[in-house]
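J.: Sharing a structure here in structure tokens format.
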Amino acid sequence: MPETVNGLGYIPYVILGLYLVMLLVFGIRGYRQSQDTEEDYYLAGRDQGWLVSALTIMATFFSSFALLGAPGMVYRDGVVFALFSLNVPVAGVAVYVLGSRIRRIGQARGFLTPADMIADHYGSPVALRLLVALVGVLYAVPYVVIQIQAGGILSQMLFNSPQAFEIGAIVLSVVTMLYIMIGGMRSVAWTDVVQGILLVGGMLLAGFCAVAVVGGPVAFFEAVAKLPPKSLTAPGTTGHWRPEILFTASLFASIGSMIQPAQWMRFYAARSDEVLRRGALIFAAVLTGCFFFGVMLVGLGGQVLYPLVDGAGAYLMDAGGHVLPHPMVGETARDFDRILVVVLQNHLPDLLGSFGAVLAALVLVAIMAAAMSTADSNLHAMSALLTHDVYDQFIRPQASQRERTWVGRCVIAVATVVALVLVIVSRHSPSNPLGMIVVLGLLAIAFATQLLPITIDMLFVQKGTRLGAICGAVTGLVIVFTLSPFWPMVAGDTWGDILGVMKRMFDVGAWGVFGNILIFILVSLWERRT
Amino acid sequence: MNRKTLSFIIAGVFLTAVTMGSGPGIRLINPDPTDPLAVFTIFGLPKIYVWGLWWYVVQLVAILVAYFKLWKDDA
């Protein structure tokens, strides 16, 4: 018999088991209804209705970032990060304003991936196609990695086993991989519907639980009002969330997330503009509320229950000067993401008995759902990019539809294994370069945001040139990489001072977009004149 | 009101809400954590949280108007 889940009995096993079986059933159902064509495998025949579209867009947008990362960031930095929720309505507007145009053009021209449309618009079948595919992979890989990591964190916190992290990461990866490989977009979208409902319910339930644990709304906000001043003001405990950083991160994170390949393909898959119009409204209204009234309250409740300061009001710090979570939450500066699970696990069963254990288990399954719904969409999109934009175009253009879908399935398997190995190797590395969920998530979004100038030009302005688009995107990607945590691993402390100043001024993605736009405009003007 | 004017007004309101809610507008209400006389709450809630909720409502109203008045015709 397995060991009981900490404080929650066997209920999470049952709920989690039922959930995983249901996902596989959806995978098989999707396979039975599918046809062996690329369009069906990647876009479900371009016939998704409003409910499926709305929920799959929502589920793809919200990942472990929402259920583990965001409460973790509020727990670390305080109420200022709750304002990050305001990026969600911006993303909602993008669903309609950008999505409806992308859908119309995509449907009229039979496009399958973002690179199809961009390469066609700028007349660049090789360079821009490959560049756009690269941007997609740069977004998808870190995003898949953080979802698998979240599965590991969740498992590690729930099960008393030294290999719990690895087992959780492997189970999440394998189940996700299986149902995407079996059923393609249809399975991904159907599972996203269930996962989207779980996600919305889980976010609100988590907030409700956090408030209940502290003693109800009045007691909760009275306790919050007594938190250290830094937790109630910008730029927060660590001093990171200055208004300019928060603004650029919110703005570009929302739009960048909406033009990443998985969402772009969901716009293609929508049946009509009306589908996206309704989806946009649901997205903006419901999800922002889930953030404000749900998970953000968990982070604040966490600060009340597990203070970051000692009796004398001094913050707990590590040797490097990083703020540390309460010892009952974690031991390192990367453990803030655990707060939601700690609150649920340690308090809810005591407060509500068996019912509390069921509620806690449901939220934990919602975290799993959040991670899987984003991992599946990104793995599926990455498969489309590598199969349709690389294999079909440059390796075997004569491949049959059946061969293409099977190559796509193989890509999913390989990408899952690579992401899993990255997570496990990184976990055993002393520096753990993959670090906190929010940091890696924002970096992935920063890469995806480099498609923004091209997208805006293509859909609205139509003045840019092929060379301008290529030079702009390359510039943006180079800037983002230079400002990323990976730069010091490659170049040591080169330009360390100036890069540090830049990072403190604006979000990394915003710097990339500034450089991208500037070069895009200058090169386009020069190319038009010559 | 014609469609173009309404589009500009809605876009203006929405962008203002984004800039004020999660942007430099925070400075207007952000208490100084080092000031012993600073007030951190309003109506019993953290000031910054209330500020965010208010601009969420403004964003939502702008989206609802766009949904019923502008996007409906397009779709």
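Residues are referred to by chain and number: the chain letter is A, B, ... according to the order shown in the structure tokens, the number counts from 1 in that chain, and ligands are numbered separately from 1 in the order shown.
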List as a PDB file with N, CA and C atoms, in the first residue's frame the protein and nucleic acid residues near Pro31 of chain B, meaning an atom at most 9 Å away when only C-alpha atoms are counted, but skip any in the same chain fewer than 2 places from it.
T.:
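Written out: out-v9.pdb:
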ATOM      1  N   PRO A 229       4.969  46.438   6.283  1.00  0.00           N
ATOM      2  CA  PRO A 229       4.640  47.453   5.270  1.00  0.00           C
ATOM      3  C   PRO A 229       5.069  47.071   3.849  1.00  0.00           C
ATOM      4  N   LEU A 232       2.562  45.292   1.790  1.00  0.00           N
ATOM      5  CA  LEU A 232       1.335  46.003   1.419  1.00  0.00           C
ATOM      6  C   LEU A 232       1.597  47.132   0.435  1.00  0.00           C
ATOM      7  N   THR A 233       2.831  47.229  -0.054  1.00  0.00           N
ATOM      8  CA  THR A 233       3.176  48.336  -0.960  1.00  0.00           C
ATOM      9  C   THR A 233       4.002  47.828  -2.136  1.00  0.00           C
ATOM     10  N   ALA A 234       4.080  48.660  -3.181  1.00  0.00           N
ATOM     11  CA  ALA A 234       5.015  48.395  -4.279  1.00  0.00           C
ATOM     12  C   ALA A 234       6.365  49.004  -3.871  1.00  0.00           C
TER      13      ALA A 234
ATOM     14  N   ARG B  27       1.843  54.701  -8.397  1.00  0.00           N
ATOM     15  CA  ARG B  27       2.578  55.671  -7.568  1.00  0.00           C
ATOM     16  C   ARG B  27       1.650  56.683  -6.914  1.00  0.00           C
ATOM     17  N   LEU B  28       0.477  56.901  -7.509  1.00  0.00           N
ATOM     18  CA  LEU B  28      -0.468  57.884  -6.956  1.00  0.00           C
ATOM     19  C   LEU B  28      -0.985  57.461  -5.576  1.00  0.00           C
ATOM     20  N   ILE B  29      -1.066  56.163  -5.349  1.00  0.00           N
ATOM     21  CA  ILE B  29      -1.655  55.713  -4.073  1.00  0.00           C
ATOM     22  C   ILE B  29      -0.697  54.857  -3.237  1.00  0.00           C
ATOM     23  N   PRO B  33       6.570  52.650   2.555  1.00  0.00           N
ATOM     24  CA  PRO B  33       6.686  51.674   3.653  1.00  0.00           C
ATOM     25  C   PRO B  33       7.565  52.146   4.808  1.00  0.00           C
ATOM     26  N   THR B  34       8.393  53.190   4.558  1.00  0.00           N
ATOM     27  CA  THR B  34       9.271  53.653   5.635  1.00  0.00           C
ATOM     28  C   THR B  34       8.624  54.772   6.462  1.00  0.00           C
ATOM     29  N   ASP B  35       7.465  55.250   5.980  1.00  0.00           N
ATOM     30  CA  ASP B  35       6.799  56.352   6.698  1.00  0.00           C
ATOM     31  C   ASP B  35       5.961  55.777   7.854  1.00  0.00           C
ATOM     32  N   ALA B  38       2.215  56.334   7.493  1.00  0.00           N
ATOM     33  CA  ALA B  38       1.541  55.890   6.260  1.00  0.00           C
ATOM     34  C   ALA B  38       0.338  55.008   6.588  1.00  0.00           C
ATOM     35  N   VAL B  39      -0.712  55.162   5.747  1.00  0.00           N
ATOM     36  CA  VAL B  39      -1.919  54.333   5.908  1.00  0.00           C
ATOM     37  C   VAL B  39      -1.907  53.308   4.773  1.00  0.00           C
ATOM     38  N   PHE B  40      -1.965  52.050   5.131  1.00  0.00           N
ATOM     39  CA  PHE B  40      -1.818  50.996   4.116  1.00  0.00           C
ATOM     40  C   PHE B  40      -3.140  50.396   3.661  1.00  0.00           C
ATOM     41  N   LYS B  47      -4.658  49.035   0.306  1.00  0.00           N
ATOM     42  CA  LYS B  47      -4.946  50.086  -0.676  1.00  0.00           C
ATOM     43  C   LYS B  47      -4.667  49.620  -2.111  1.00  0.00           C
ATOM     44  N   ILE B  48      -3.528  48.950  -2.280  1.00  0.00           N
ATOM     45  CA  ILE B  48      -3.128  48.533  -3.620  1.00  0.00           C
ATOM     46  C   ILE B  48      -4.103  47.504  -4.197  1.00  0.00           C
TER      47      ILE B  48
END
J.: Residues at most 7 Å from segment 54-67 of chain B, counting only C-alpha atoms, excluding those fewer than 5 positions away in the same chain, as a PyMOL selection string?
T.: (chain A and resi 86+89+285) or (chain B and resi 10+13-14+17+21+72)
J.: Given the selection you just returned, output its residues as a file containing C-alpha atoms, formatted as an mmCIF file, in the first residue's frame.
T.:
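Full text of result_39.cif as output:
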data_model
loop_
_atom_site.group_PDB
_atom_site.id
_atom_site.type_symbol
_atom_site.label_atom_id
_atom_site.label_comp_id
_atom_site.auth_asym_id
_atom_site.auth_seq_id
_atom_site.Cartn_x
_atom_site.Cartn_y
_atom_site.Cartn_z
ATOM 1 C CA LEU A 86 -4.741 43.061 -14.652
ATOM 2 C CA PRO A 89 -8.299 41.509 -19.414
ATOM 3 C CA ALA A 285 -14.386 38.575 -16.822
ATOM 4 C CA ILE B 10 -13.114 52.647 -25.376
ATOM 5 C CA VAL B 13 -10.428 54.144 -21.267
ATOM 6 C CA PHE B 14 -8.984 50.643 -21.459
ATOM 7 C CA ALA B 17 -7.040 51.485 -16.839
ATOM 8 C CA GLY B 21 -3.964 49.782 -12.494
ATOM 9 C CA LYS B 72 -20.981 42.364 -32.356
#
J.: So how far away is atom CA of Ala469 of chain A from atom CA of Phe520 of chain A, in Å?
T.: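 Result for atom CA of Phe520 of chain A versus atom CA of Ala469 of chain A: 5.6 Å, one decimal.
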J.: Write out as a Markdown table a residue-level contact list of chain A versus chain B with cut-off 9 Å: for each qualifying residue the closest pair of atoms and the distance in Å to one decimal, counting only C-alpha atoms, rows sorted by chain and residue number upward.
T.:
| residue | atom | partner | partner_atom | distance |
| --- | --- | --- | --- | --- |
| A:Val79 | CA | B:Tyr49 | CA | 6.5 |
| A:Val80 | CA | B:Ile48 | CA | 6.7 |
| A:Ala82 | CA | B:Tyr49 | CA | 6.9 |
| A:Leu83 | CA | B:Ser22 | CA | 5.4 |
| A:Phe84 | CA | B:Ser22 | CA | 6.6 |
| A:Ser85 | CA | B:Gly52 | CA | 8.3 |
| A:Leu86 | CA | B:Tyr56 | CA | 6.4 |
| A:Asn87 | CA | B:Val18 | CA | 7.9 |
| A:Pro89 | CA | B:Gln59 | CA | 6.8 |
| A:Val90 | CA | B:Val18 | CA | 8.0 |
| A:Gly92 | CA | B:Ile63 | CA | 8.7 |
| A:Val93 | CA | B:Ile63 | CA | 7.3 |
| A:Tyr96 | CA | B:Trp71 | CA | 8.1 |
| A:Val97 | CA | B:Trp71 | CA | 8.7 |
| A:Ser100 | CA | B:Ala75 | CA | 8.4 |
| A:Val218 | CA | B:Gly44 | CA | 8.4 |
| A:Phe221 | CA | B:Leu45 | CA | 6.1 |
| A:Glu222 | CA | B:Gly44 | CA | 6.9 |
| A:Val224 | CA | B:Pro46 | CA | 7.7 |
| A:Ala225 | CA | B:Pro46 | CA | 6.5 |
| A:Pro228 | CA | B:Pro33 | CA | 8.5 |
| A:Pro229 | CA | B:Pro33 | CA | 5.0 |
| A:Lys230 | CA | B:Pro33 | CA | 5.8 |
| A:Ser231 | CA | B:Pro33 | CA | 8.9 |
| A:Leu232 | CA | B:Pro46 | CA | 6.3 |
| A:Thr233 | CA | B:Asn30 | CA | 6.0 |
| A:Ala234 | CA | B:Asn30 | CA | 6.5 |
| A:Arg242 | CA | B:Pro24 | CA | 8.6 |
| A:Pro243 | CA | B:Gly23 | CA | 5.0 |
| A:Glu244 | CA | B:Gly23 | CA | 5.9 |
| A:Ile245 | CA | B:Gly23 | CA | 8.1 |
| A:Leu246 | CA | B:Ser22 | CA | 6.2 |
| A:Phe247 | CA | B:Gly23 | CA | 4.2 |
| A:Thr248 | CA | B:Gly23 | CA | 7.8 |
| A:Ser250 | CA | B:Ser22 | CA | 7.3 |
| A:Leu251 | CA | B:Val18 | CA | 8.0 |
| A:Ser272 | CA | B:Ala75 | CA | 7.7 |
| A:Asp273 | CA | B:Ala75 | CA | 5.0 |
| A:Glu274 | CA | B:Ala75 | CA | 5.1 |
| A:Val275 | CA | B:Ala75 | CA | 8.7 |
| A:Leu276 | CA | B:Ala75 | CA | 8.8 |
| A:Arg277 | CA | B:Trp71 | CA | 6.9 |
| A:Arg278 | CA | B:Tyr67 | CA | 8.3 |
| A:Ala280 | CA | B:Tyr67 | CA | 8.8 |
| A:Leu281 | CA | B:Ile63 | CA | 7.2 |
| A:Ala284 | CA | B:Leu60 | CA | 7.2 |
| A:Ala285 | CA | B:Leu60 | CA | 6.6 |
| A:Thr288 | CA | B:Tyr56 | CA | 7.8 |
| A:Gly289 | CA | B:Tyr56 | CA | 8.7 |
| A:Phe292 | CA | B:Leu53 | CA | 7.6 |
J.: Record the distance separating atom CA of Leu24 of chain A and atom CA of Gly69 of chain A, expressed in Å with one decimal.
T.: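 One can read the atom CA of Leu24 of chain A to atom CA of Gly69 of chain A distance as 27.0 Å.
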J.: Which distance in Å separates atom CA of Val295 of chain A and atom CA of Leu67 of chain A, to one decimal?
T.: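 These atoms are spaced 6.5 Å apart.
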J.: Please list as a ChimeraX atom specification every residue within 7 Å of Val213 of chain A, counting only C-alpha atoms and excluding residues in the same chain fewer than 6 positions away.
T.: /A:347-348,351
J.: Please, could you write that set of residues out with N, CA and C atoms as a CSV table (one decimal), in the first residue's frame?
T.:
chain,number,residue,atom,x,y,z
A,347,HIS,N,-3.9,22.9,6.9
A,347,HIS,CA,-5.0,23.5,7.6
A,347,HIS,C,-6.4,23.1,7.3
A,348,LEU,N,-6.7,22.7,6.0
A,348,LEU,CA,-8.0,22.5,5.6
A,348,LEU,C,-8.6,21.2,6.3
A,351,LEU,N,-9.7,22.0,9.7
A,351,LEU,CA,-10.8,23.0,9.8
A,351,LEU,C,-12.1,22.3,9.4
J.: Show which residues sit within 10 Å of Trp511 of chain A, as a ChimeraX atom specification. Count only C-alpha atoms, and ignore same-chain residues fewer than 3 positions away.
T.: /A:248,446,476,479-480,483,502-503,505-508,514-516
J.: May I have all residues of chain B that DSSP, computed from the backbone, assigns to strand (DSSP E), given as a list of chain:residue names?
T.: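 Residues of chain B classed as strand (DSSP E): B:Thr41, B:Ile42, B:Leu45, B:Pro46.
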J.: Go ahead and save the picked residues with N, CA and C atoms, as an mmCIF file, in the first residue's frame.
T.:
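Written file, again-v9.cif:
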data_model
loop_
_atom_site.group_PDB
_atom_site.id
_atom_site.type_symbol
_atom_site.label_atom_id
_atom_site.label_comp_id
_atom_site.auth_asym_id
_atom_site.auth_seq_id
_atom_site.Cartn_x
_atom_site.Cartn_y
_atom_site.Cartn_z
ATOM 1 N N THR B 41 -4.224 50.730 4.365
ATOM 2 C CA THR B 41 -5.505 50.103 4.009
ATOM 3 C C THR B 41 -6.584 51.150 3.752
ATOM 4 N N ILE B 42 -7.593 50.709 3.043
ATOM 5 C CA ILE B 42 -8.780 51.529 2.836
ATOM 6 C C ILE B 42 -9.981 50.574 2.854
ATOM 7 N N LEU B 45 -9.201 46.968 3.522
ATOM 8 C CA LEU B 45 -8.448 46.159 2.554
ATOM 9 C C LEU B 45 -7.154 46.890 2.189
ATOM 10 N N PRO B 46 -6.127 46.152 1.766
ATOM 11 C CA PRO B 46 -4.906 46.854 1.342
ATOM 12 C C PRO B 46 -5.215 47.833 0.200
#
